[in-house]
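Chemist: My questions all concern the structure below.
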Amino acid sequence: MSKVKGRTDDMLIIRGVNVFPSSIESVLLAVDGLEPHYLVIIDRPKDRLDELEVWAEASVELWKRGEYWVKQTEQKIYNDLNETLGITAKVKVVEPHGIQRSEGKAQRIIDRRELGM
């Protein structure tokens, strides 16, 4: 039996694939030039399959290096997520402090499928 990778109540099902937020976090934390702040957005446009979008916050150093390096980092995250999760995700690296901070426990998952948006 393989090691448990997360709690089942934390698991998301996206396009029929079980996705643990902890798996996404481990991919992001392994990429140089990122801060430990991220946002995962799941959406289901009308008559389409679920879409996964991951926003990761760039470090000041990465952002100063310029757009080329930011795009390279986005591509690395895209490839690493695809390899780890087995599904594709839209990836966006945002400017430093571009992801809203919250008091207490950070809200990192936005599931728009439940909201009917």
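How things are named: the first chain in the structure tokens is A, the next is B, and so on; residues count from 1 in each chain; ligands count from 1 in the order shown.
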Residues near Val19 (chain A), anyone? I mean within 10 Å using only C-alpha atoms, not counting same-chain ones fewer than 4 positions away, as number ranges by chain.

Modeler: A: 5-6, 8, 10-15, 23-24, 84-87

Chemist: Export N, CA, C and O atoms of the chosen residues as a PDB file, in the first residue's frame?

Modeler:
```
ATOM      1  N   LYS A   5      -1.197  10.576   0.877  1.00  0.00           N
ATOM      2  CA  LYS A   5      -0.649  11.850   0.439  1.00  0.00           C
ATOM      3  C   LYS A   5      -1.410  13.057   0.958  1.00  0.00           C
ATOM      4  O   LYS A   5      -1.017  14.169   0.727  1.00  0.00           O
ATOM      5  N   GLY A   6      -2.506  12.854   1.632  1.00  0.00           N
ATOM      6  CA  GLY A   6      -3.285  13.980   2.144  1.00  0.00           C
ATOM      7  C   GLY A   6      -4.593  13.468   2.706  1.00  0.00           C
ATOM      8  O   GLY A   6      -4.955  12.321   2.513  1.00  0.00           O
ATOM      9  N   THR A   8      -8.536  13.039   2.834  1.00  0.00           N
ATOM     10  CA  THR A   8      -9.520  12.960   1.767  1.00  0.00           C
ATOM     11  C   THR A   8     -10.419  14.183   1.720  1.00  0.00           C
ATOM     12  O   THR A   8     -10.901  14.553   0.664  1.00  0.00           O
ATOM     13  N   ASP A  10      -9.443  17.142   2.024  1.00  0.00           N
ATOM     14  CA  ASP A  10      -8.691  18.189   1.341  1.00  0.00           C
ATOM     15  C   ASP A  10      -8.596  17.926  -0.153  1.00  0.00           C
ATOM     16  O   ASP A  10      -8.137  18.774  -0.895  1.00  0.00           O
ATOM     17  N   MET A  11      -9.001  16.753  -0.573  1.00  0.00           N
ATOM     18  CA  MET A  11      -8.844  16.347  -1.954  1.00  0.00           C
ATOM     19  C   MET A  11      -9.861  17.052  -2.854  1.00  0.00           C
ATOM     20  O   MET A  11     -11.009  17.247  -2.491  1.00  0.00           O
ATOM     21  N   LEU A  12      -9.382  17.438  -4.033  1.00  0.00           N
ATOM     22  CA  LEU A  12     -10.242  18.011  -5.063  1.00  0.00           C
ATOM     23  C   LEU A  12     -10.324  17.015  -6.204  1.00  0.00           C
ATOM     24  O   LEU A  12      -9.340  16.333  -6.508  1.00  0.00           O
ATOM     25  N   ILE A  13     -11.455  16.928  -6.847  1.00  0.00           N
ATOM     26  CA  ILE A  13     -11.570  16.083  -8.035  1.00  0.00           C
ATOM     27  C   ILE A  13     -11.719  17.018  -9.225  1.00  0.00           C
ATOM     28  O   ILE A  13     -12.690  17.760  -9.327  1.00  0.00           O
ATOM     29  N   ILE A  14     -10.707  16.996 -10.086  1.00  0.00           N
ATOM     30  CA  ILE A  14     -10.670  17.877 -11.245  1.00  0.00           C
ATOM     31  C   ILE A  14     -10.499  17.023 -12.483  1.00  0.00           C
ATOM     32  O   ILE A  14      -9.504  16.305 -12.614  1.00  0.00           O
ATOM     33  N   ARG A  15     -11.479  17.087 -13.365  1.00  0.00           N
ATOM     34  CA  ARG A  15     -11.494  16.274 -14.585  1.00  0.00           C
ATOM     35  C   ARG A  15     -11.280  14.795 -14.278  1.00  0.00           C
ATOM     36  O   ARG A  15     -10.586  14.088 -14.987  1.00  0.00           O
ATOM     37  N   SER A  23      -0.036  18.568  -2.828  1.00  0.00           N
ATOM     38  CA  SER A  23       0.802  18.225  -3.983  1.00  0.00           C
ATOM     39  C   SER A  23       1.135  19.478  -4.789  1.00  0.00           C
ATOM     40  O   SER A  23       2.262  19.637  -5.263  1.00  0.00           O
ATOM     41  N   ILE A  24       0.155  20.354  -4.939  1.00  0.00           N
ATOM     42  CA  ILE A  24       0.384  21.614  -5.650  1.00  0.00           C
ATOM     43  C   ILE A  24       1.398  22.451  -4.874  1.00  0.00           C
ATOM     44  O   ILE A  24       2.349  22.992  -5.435  1.00  0.00           O
ATOM     45  N   THR A  84       3.390  16.007 -11.971  1.00  0.00           N
ATOM     46  CA  THR A  84       3.006  15.566 -10.635  1.00  0.00           C
ATOM     47  C   THR A  84       1.538  15.180 -10.538  1.00  0.00           C
ATOM     48  O   THR A  84       1.196  14.154  -9.959  1.00  0.00           O
ATOM     49  N   LEU A  85       0.659  16.016 -11.109  1.00  0.00           N
ATOM     50  CA  LEU A  85      -0.780  15.802 -10.956  1.00  0.00           C
ATOM     51  C   LEU A  85      -1.388  14.936 -12.052  1.00  0.00           C
ATOM     52  O   LEU A  85      -2.432  14.334 -11.854  1.00  0.00           O
ATOM     53  N   GLY A  86      -0.783  14.963 -13.232  1.00  0.00           N
ATOM     54  CA  GLY A  86      -1.341  14.216 -14.353  1.00  0.00           C
ATOM     55  C   GLY A  86      -2.405  14.998 -15.111  1.00  0.00           C
ATOM     56  O   GLY A  86      -3.107  14.429 -15.947  1.00  0.00           O
ATOM     57  N   ILE A  87      -2.559  16.282 -14.809  1.00  0.00           N
ATOM     58  CA  ILE A  87      -3.484  17.146 -15.542  1.00  0.00           C
ATOM     59  C   ILE A  87      -2.803  18.493 -15.778  1.00  0.00           C
ATOM     60  O   ILE A  87      -1.848  18.837 -15.092  1.00  0.00           O
TER      61      ILE A  87
END
```

Chemist: Among region 24-106 of chain A, which ones does DSSP place in alpha helix (DSSP H), written as number ranges by chain?

Modeler: A: 24-29, 60-65, 67-85

Chemist: When you draw a straight line from CA of Gln72 (chain A) to CA of Glu51 (chain A), how long is it in Å?

Modeler: 21.8 Å

Chemist: Give me, please, the distance in Å between CA of Asn82 (chain A) and CA of Arg44 (chain A), quoted to one decimal.

Modeler: 18.9 Å

Chemist: Name the residues in contact with Lys92 (chain A) at a cut-off of 9 Å, using only C-alpha atoms, excluding same-chain residues fewer than 4 positions from it; report them as a list of chain:residue names.

Modeler: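 Non-adjacent residues within range: A:Glu53, A:Val54, A:Trp55, A:Ala56, A:Glu57, A:Lys71, A:Glu74.
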
Chemist: For the atom pair CA of Val31 (chain A) and CA of Thr73 (chain A), what is the interatomic distance in Å to one decimal place?

Modeler: 7.8 Å

Chemist: Restricting the calculation to only C-alpha atoms: of A:Leu34, A:Ile77, A:Val94, A:Ile109, which residue gets closest to Pro21 (chain A)?

Modeler: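 Nearest to Pro21 (chain A): A:Ile109.
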
Chemist: For Val60 (chain A), work out the shell of residues within 9 Å, counting only C-alpha atoms and skipping chain neighbours fewer than 3 positions away, then give it as a list in words.

Modeler: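 Listed by chain and then number, they are Gly33, Leu34, Glu35, Trp63, Lys64, Arg65, Glu95 and Pro96 of chain A.
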
Chemist: Write out, as an mmCIF file, in the first residue's frame, the residues just selected, with C-alpha atoms.

Modeler:
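Written file, part-v2.cif:
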```cif
data_model
loop_
_atom_site.group_PDB
_atom_site.id
_atom_site.type_symbol
_atom_site.label_atom_id
_atom_site.label_comp_id
_atom_site.auth_asym_id
_atom_site.auth_seq_id
_atom_site.Cartn_x
_atom_site.Cartn_y
_atom_site.Cartn_z
ATOM 1 C CA GLY A 33 12.121 32.489 -7.270
ATOM 2 C CA LEU A 34 8.715 32.037 -5.668
ATOM 3 C CA GLU A 35 7.351 33.163 -2.324
ATOM 4 C CA TRP A 63 10.321 40.009 -10.623
ATOM 5 C CA LYS A 64 13.334 42.304 -11.052
ATOM 6 C CA ARG A 65 14.909 39.838 -13.502
ATOM 7 C CA GLU A 95 4.098 40.335 -8.796
ATOM 8 C CA PRO A 96 5.460 40.350 -5.228
#
```

Chemist: Check the smallest atom-to-atom distance from each of A:Leu28, A:Ile41, A:Ile99, A:Leu62 to Lys76 (chain A) using only C-alpha atoms, then report the winner.

Modeler: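 Once distances to Lys76 (chain A) are computed over only C-alpha atoms, the minimum belongs to A:Leu28.
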
Chemist: Write out as a PyMOL selection string all residues of chain A that backbone DSSP assigns to strand (DSSP E).

Modeler: chain A and resi 12-14+17-19+34-43+51-58+90-94+109-111
